[in-house]
There are 2 protein chains.
Amino acid sequence: MAIKSILSMNAFDQANFDSLPEDVKPETKRRLDVFGSASVLFFQEPIEVVKGEGCYLIDAKGTKYLDCYNNVACIGHGHPRVAEYVGKQLAIVNTHTRYLNKVVDDYAEKLLATFPKPLDKIAMTCTGSESNDLALRSAFYYTGGKGVIVTSGAYHGNSYLTTFVSPSSTNGKITCDFVKTVPAPDTYRIPKDQLADKFASDVEKAIEDLEASGIKFAALLIDDIFSSDGVFSDPEGFIKKAVDVVHKHGGVYIADEVQPGFGRTGKMWGFQRHGVIPDIVTMGKPMGNGYPMSAMVTRNEIIDALKQTGYFNTFGGTPGACAAGTAVLEVLKEDNLIENAKEVGDYLRDGLRALKKDHPCIGDVRGTGLFTGLELVKDPETKEIDPKGATLLINRLRYNNVLIGAAGPYGNILKIRPPLRFYKKDADFFIEAIKKSLTEIHL
Amino acid sequence: MAIKSILSMNAFDQANFDSLPEDVKPETKRRLDVFGSASVLFFQEPIEVVKGEGCYLIDAKGTKYLDCYNNVACIGHGHPRVAEYVGKQLAIVNTHTRYLNKVVDDYAEKLLATFPKPLDKIAMTCTGSESNDLALRSAFYYTGGKGVIVTSGAYHGNSYLTTFVSPSSTNGKITCDFVKTVPAPDTYRIPKDQLADKFASDVEKAIEDLEASGIKFAALLIDDIFSSDGVFSDPEGFIKKAVDVVHKHGGVYIADEVQPGFGRTGKMWGFQRHGVIPDIVTMGKPMGNGYPMSAMVTRNEIIDALKQTGYFNTFGGTPGACAAGTAVLEVLKEDNLIENAKEVGDYLRDGLRALKKDHPCIGDVRGTGLFTGLELVKDPETKEIDPKGATLLINRLRYNNVLIGAAGPYGNILKIRPPLRFYKKDADFFIEAIKKSLTEIHL
């Protein structure tokens, strides 16, 4: 396929159906017929995924792709431990948490043991959106306020409430009065020694703006790897001053660990890199390796504040979910996947940085553990962004057997976020694919 | 255990921990330690469920309970088909719907085939709350309005938005300006020939109230079995006039099929009994027999309205979920569980009505398929409700090996809603248990 036909976006455009290869049309048509325009399929030419193994996905033609996109299958696609534990548990019983069940309590205790005090209470949900929705409600009840601060490119979920705090879903627009945004701490453009102070003062200004318009401040909600803002990780600790500001103003700090959690950053939780203890932690995606499960962890007095409506989730924290979650915690530990994330992540970034010399379009390579951002620019001096280059690269990588997506408000940053079962040989494969693709698209 | 110690509520009261039997304390304490005050455990003495089979649950002591509460495990607890399909699929691949996958499209087509035209588009979610949250957002976008009408004892979910439309979660209070309630069509107290007209005129008045306060009407959201309002099912068709009123005023009718859907009422969908075609249908609980999955089904133009934010759900409609959903659709059909619901439901209600003579506290037995409401009254003439009697009965039934819960704003209605794998022998067991329990508590 010629480069020129690659779309200007990283998704299939339904208007281009007729130009699809004939063998891709039937399955694509079936999908459009049932999902309609709400369907988003990746790539100009959608992929029919039939199998997964480790950090690889295989399509209907038998083509194997290195998966650098999917953080959900953190211990590896199709992992036998998850399949076994879930299959066994579903054959035993999979009912809700209004009964006692040891599988549930064993898991909850094991998970809570990974948190610092006073974070010792859990509410089990099914999706990251549900966790963030519940966390915001908890913050509203607990603080008596409603003002929320998020970063300007944030994504925190797809529910009614969490869409308000996800400017990345609304083209950056804020569509309600109780949400204010602050710029994400852009580690590529803001000098290191100013980063923490700038972020803290931006947060303080947003709190003052909220209160000036009569809205009591409730929460700062951030993803501490700033995933959809463009991946900002270092220096460790740069969010601490902002968290202090939040507490000074009577608000709570909600750490959205849906992206950084469960070892991706080289630590179990992303906030641990910043030397802070959140008031509320939310988690989701990798928690059950694909089995729908998520949670909110907090301290007792915040759980108590939820009493005014109560909270119960029919599918949340059932024995089936906890069986999946148990498999994930076991394999993370047995296979040293957190240490692996740290080691292979550093190795990958070193390899990518070495490409800068021949490919000045690579403006920045950053990240921690197995969460890496590769920022494409038109000029490394001016740092002018290159979203079109990123789109070309992403769609080219698909034909060089690598699945990947973009981050950042303008989509010019490659978000490299594979399953944690990603080793040096996979990093080498990725680096070669990037080199080849950049050359093919003349970048 | 003496009757007098039974609590006035159908849930464990944490303040009574010390009076629990010694052998129940350790597991109960573990649960309270991790879940805190957000934990709701059923019954004054919580049950540790270790296994499920068909319509029975088994506790840690080996006691077998007839489960008349859990509609989620619709094809039976621990069903081997679900365990097998899910276990196999998780070992193959379980990634999201931004790729094509035949398991997903096969399931979506099969499910959509159960709906009348023009309901031919699906959005896959993970919980009923997510489906209702999305349905409301879709209605807002599509109509340009925001006013929502629900019944006064409704429950539609646990998200921020769906809590606003769930007066049963807020002691009947409405805590926002865009929601109005109407009384549920109480088939026990309103004469049959007035029911449809009254419900329609209540809805029309609520629409007028909304618009008088400057809020454009968007949607009537109802559960067509009126589950948490107290179970109102007949005569068939009584909601049709209200739906016509909704359309006359430019709103949409959202059928919340989380409770009545998937055959429970003796038809695949509850709305089919009323001769209406909803604009949006939401579903959840029994859809995956416990695997977290749910959906919104609607017509193309309403899906199109969602474009302004898009909708994607990481865990929604993955191959794992669709494997579970496929097992449910297959077994519902192979085992004739929908016909069974109709037949055994009628048999059960006949048997319960026969108890009225000796137990005048049974004011009304109503319902359809395997969704039955049994209303306890102090006097069958005045129909004065008896919530305390219902609580006594529910906690007594637990010791006579039946698990059950209450419905209605005052909790005086037994909600009899077992897995659909519930046969005449199980109905007989239930009727005997009711007789025995009523006698024991002197009702």
# chains A, B, ... in the order shown; residues from 1 in each chain; ligands from 1
$ select_by_dssp --residues "stretch 39-197 of chain B" --states "helix (DSSP H, G or I)" --output "count of residues only"
54
$ residues_around --residues "stretch 415-426 of chain A" --least-positions-apart "2" --cutoff "8 Å" --atoms "only C-alpha atoms" --output "number ranges by chain"
A: 54-55, 66-77, 227, 230-231, 264, 337-338, 340-341, 344, 347-348, 370-374, 404-407, 413, 428-430
$ interface_residues --of "chain B" --to "chain A" --cutoff "6 Å" --atoms "only C-alpha atoms" --output "ChimeraX atom specification"
/B:34-35,37,40-42,47-49,51-52,78-80,83,87,90-93,98-101,121-122,169-170,292,304,309,315
$ residues_around --residues "stretch 235-250 of chain B" --least-positions-apart "2" --cutoff "6 Å" --atoms "only C-alpha atoms" --output "PDB file with C-alpha atoms, in the first residue's frame"
ATOM      1  CA  ALA B 196     -52.755   3.389  31.535  1.00  0.00           C
ATOM      2  CA  ALA B 200     -49.804   8.691  30.865  1.00  0.00           C
ATOM      3  CA  ARG B 273     -45.325  -7.375  26.575  1.00  0.00           C
ATOM      4  CA  HIS B 274     -46.424  -3.763  26.285  1.00  0.00           C
ATOM      5  CA  GLY B 275     -46.587  -3.564  22.501  1.00  0.00           C
TER       6      GLY B 275
END
$ atom_distance --atom1 "atom CA of A:Asn16" --atom2 "atom CA of A:Leu393"
19.7 Å
$ atom_distance --atom1 "atom CA of B:Val148" --atom2 "atom CA of A:Val148"
25.4 Å
$ select_by_dssp --residues "stretch 56-212 of chain A" --states "strand (DSSP E)" --output "MDAnalysis selection string"
chainID A and resid 56:59 64:67 121:125 147:151 179:182
$ atom_distance --atom1 "atom CA of A:Glu257" --atom2 "atom CA of A:Glu375"
22.6 Å
$ residues_around --residues "B:Tyr253" --least-positions-apart "6" --cutoff "7 Å" --atoms "only C-alpha atoms" --output "VMD selection string"
chain B and resid 219 to 221 243 246 278 to 280
$ residues_around --residues "B:Pro183" --least-positions-apart "4" --cutoff "8 Å" --atoms "only C-alpha atoms" --output "list in words"
Thr151, Ser152, Gly153, Phe199 and Asp202 of chain B
$ write_last_selection --atoms "N, CA and C atoms" --output "mmCIF file, in the first residue's frame"
data_model
loop_
_atom_site.group_PDB
_atom_site.id
_atom_site.type_symbol
_atom_site.label_atom_id
_atom_site.label_comp_id
_atom_site.auth_asym_id
_atom_site.auth_seq_id
_atom_site.Cartn_x
_atom_site.Cartn_y
_atom_site.Cartn_z
ATOM 1 N N THR B 151 -39.719 6.794 37.655
ATOM 2 C CA THR B 151 -40.716 6.502 38.690
ATOM 3 C C THR B 151 -40.131 6.803 40.072
ATOM 4 N N SER B 152 -41.002 7.008 41.013
ATOM 5 C CA SER B 152 -40.560 7.531 42.313
ATOM 6 C C SER B 152 -39.758 6.542 43.158
ATOM 7 N N GLY B 153 -39.788 5.262 42.799
ATOM 8 C CA GLY B 153 -38.970 4.298 43.538
ATOM 9 C C GLY B 153 -37.914 3.664 42.652
ATOM 10 N N PHE B 199 -51.075 6.733 34.365
ATOM 11 C CA PHE B 199 -49.626 6.774 34.157
ATOM 12 C C PHE B 199 -49.274 7.781 33.055
ATOM 13 N N ASP B 202 -49.775 11.309 34.381
ATOM 14 C CA ASP B 202 -48.689 11.650 35.317
ATOM 15 C C ASP B 202 -47.417 12.033 34.540
#
$ decode --residues "stretch 85-223 of chain A" --atoms "C-alpha atoms" --output "short mmCIF file (atom, residue, chain, number, x, y, z; two decimals), in the first residue's frame"
data_model
loop_
_atom_site.label_atom_id
_atom_site.label_comp_id
_atom_site.auth_asym_id
_atom_site.auth_seq_id
_atom_site.Cartn_x
_atom_site.Cartn_y
_atom_site.Cartn_z
CA TYR A 85 -8.38 -19.09 37.33
CA VAL A 86 -11.36 -17.35 35.75
CA GLY A 87 -12.63 -20.49 33.99
CA LYS A 88 -12.42 -22.46 37.25
CA GLN A 89 -14.08 -19.75 39.32
CA LEU A 90 -16.96 -19.22 36.87
CA ALA A 91 -17.70 -22.95 37.14
CA ILE A 92 -17.82 -22.68 40.94
CA VAL A 93 -19.68 -19.45 41.65
CA ASN A 94 -19.52 -15.82 40.52
CA THR A 95 -22.02 -13.88 42.56
CA HIS A 96 -21.86 -10.43 44.12
CA THR A 97 -20.20 -8.98 47.21
CA ARG A 98 -23.28 -8.91 49.42
CA TYR A 99 -22.22 -12.38 50.48
CA LEU A 100 -18.87 -13.25 52.03
CA ASN A 101 -16.39 -15.16 49.88
CA LYS A 102 -12.73 -15.94 50.60
CA VAL A 103 -11.57 -15.44 47.00
CA VAL A 104 -12.79 -11.85 47.25
CA ASP A 105 -11.32 -11.08 50.65
CA ASP A 106 -8.00 -12.79 49.89
CA TYR A 107 -7.64 -10.65 46.79
CA ALA A 108 -8.69 -7.40 48.46
CA GLU A 109 -6.18 -7.96 51.28
CA LYS A 110 -3.40 -8.81 48.84
CA LEU A 111 -4.08 -5.70 46.76
CA LEU A 112 -4.39 -3.37 49.74
CA ALA A 113 -1.06 -4.65 51.05
CA THR A 114 0.60 -2.87 48.10
CA PHE A 115 -0.59 0.56 49.38
CA PRO A 116 0.91 2.79 52.02
CA LYS A 117 -1.12 3.70 55.10
CA PRO A 118 -3.72 5.15 55.51
CA LEU A 119 -5.00 3.75 52.19
CA ASP A 120 -6.64 0.61 53.53
CA LYS A 121 -10.19 0.54 52.14
CA ILE A 122 -11.40 -0.61 48.75
CA ALA A 123 -14.55 -0.23 46.67
CA MET A 124 -14.69 -2.61 43.73
CA THR A 125 -16.01 -1.45 40.36
CA CYS A 126 -15.84 -2.74 36.77
CA THR A 127 -14.18 -0.02 34.68
CA GLY A 128 -11.75 2.83 35.17
CA SER A 129 -14.60 5.19 34.30
CA GLU A 130 -16.66 3.80 37.16
CA SER A 131 -13.71 4.21 39.53
CA ASN A 132 -13.12 7.82 38.57
CA ASP A 133 -16.84 8.60 38.65
CA LEU A 134 -17.02 7.13 42.17
CA ALA A 135 -13.82 8.87 43.25
CA LEU A 136 -15.20 12.26 42.20
CA ARG A 137 -18.50 11.58 43.98
CA SER A 138 -16.54 10.57 47.08
CA ALA A 139 -14.52 13.77 46.87
CA PHE A 140 -17.71 15.84 46.49
CA TYR A 141 -19.29 14.22 49.54
CA TYR A 142 -16.13 14.32 51.62
CA THR A 143 -15.10 17.92 50.92
CA GLY A 144 -18.55 19.41 50.41
CA GLY A 145 -17.10 21.03 47.29
CA LYS A 146 -17.51 20.30 43.61
CA GLY A 147 -14.61 22.04 41.86
CA VAL A 148 -12.29 19.69 40.00
CA ILE A 149 -8.94 20.40 38.40
CA VAL A 150 -7.53 18.24 35.61
CA THR A 151 -4.81 18.67 33.01
CA SER A 152 -5.79 20.18 29.69
CA GLY A 153 -5.32 16.97 27.69
CA ALA A 154 -6.66 14.61 30.30
CA TYR A 155 -8.78 11.51 29.80
CA HIS A 156 -10.48 10.07 32.87
CA GLY A 157 -13.43 8.11 31.53
CA ASN A 158 -16.54 7.83 29.42
CA SER A 159 -19.39 8.33 31.91
CA TYR A 160 -21.41 11.54 32.00
CA LEU A 161 -19.38 12.91 34.91
CA THR A 162 -15.97 11.68 33.80
CA THR A 163 -16.50 13.07 30.29
CA PHE A 164 -16.63 16.53 31.93
CA VAL A 165 -13.15 15.92 33.32
CA SER A 166 -11.81 14.51 30.04
CA PRO A 167 -11.00 17.47 27.80
CA SER A 168 -9.35 15.03 25.39
CA SER A 169 -12.88 13.74 24.60
CA THR A 170 -14.28 17.19 23.85
CA ASN A 171 -11.55 18.73 21.69
CA GLY A 172 -10.10 20.43 24.74
CA LYS A 173 -13.32 22.26 25.53
CA ILE A 174 -14.63 22.32 29.08
CA THR A 175 -18.40 21.99 29.01
CA CYS A 176 -19.33 22.60 32.65
CA ASP A 177 -18.60 25.26 35.26
CA PHE A 178 -17.03 23.11 37.98
CA VAL A 179 -13.98 21.90 36.04
CA LYS A 180 -10.83 23.92 35.45
CA THR A 181 -7.79 22.77 33.54
CA VAL A 182 -4.10 23.32 34.07
CA PRO A 183 -1.39 22.73 31.47
CA ALA A 184 0.27 19.35 31.86
CA PRO A 185 3.85 19.65 33.15
CA ASP A 186 5.57 19.44 29.76
CA THR A 187 8.98 18.07 30.66
CA TYR A 188 10.21 18.62 27.10
CA ARG A 189 9.56 22.36 27.11
CA ILE A 190 9.65 23.52 30.72
CA PRO A 191 13.07 23.64 32.42
CA LYS A 192 13.45 20.93 35.04
CA ASP A 193 14.04 23.34 37.89
CA GLN A 194 10.81 25.24 37.16
CA LEU A 195 8.53 22.25 36.56
CA ALA A 196 7.30 21.56 40.10
CA ASP A 197 6.78 25.23 40.94
CA LYS A 198 4.96 25.98 37.70
CA PHE A 199 2.62 23.00 38.07
CA ALA A 200 1.89 23.91 41.71
CA SER A 201 1.22 27.55 40.89
CA ASP A 202 -1.02 26.58 37.93
CA VAL A 203 -3.03 24.37 40.28
CA GLU A 204 -3.26 27.11 42.89
CA LYS A 205 -4.45 29.62 40.29
CA ALA A 206 -7.13 27.17 39.10
CA ILE A 207 -8.32 26.69 42.69
CA GLU A 208 -8.56 30.45 43.08
CA ASP A 209 -10.48 30.72 39.77
CA LEU A 210 -12.95 28.10 40.95
CA GLU A 211 -13.48 29.76 44.29
CA ALA A 212 -13.75 33.22 42.68
CA SER A 213 -16.72 31.87 40.70
CA GLY A 214 -18.30 30.53 43.90
CA ILE A 215 -17.38 26.88 43.43
CA LYS A 216 -15.75 25.21 46.40
CA PHE A 217 -12.67 23.22 45.45
CA ALA A 218 -12.98 19.45 45.81
CA ALA A 219 -10.24 17.60 43.96
CA LEU A 220 -7.18 17.54 41.80
CA LEU A 221 -7.57 14.50 39.54
CA ILE A 222 -4.42 13.50 37.69
CA ASP A 223 -2.91 10.56 35.92
#
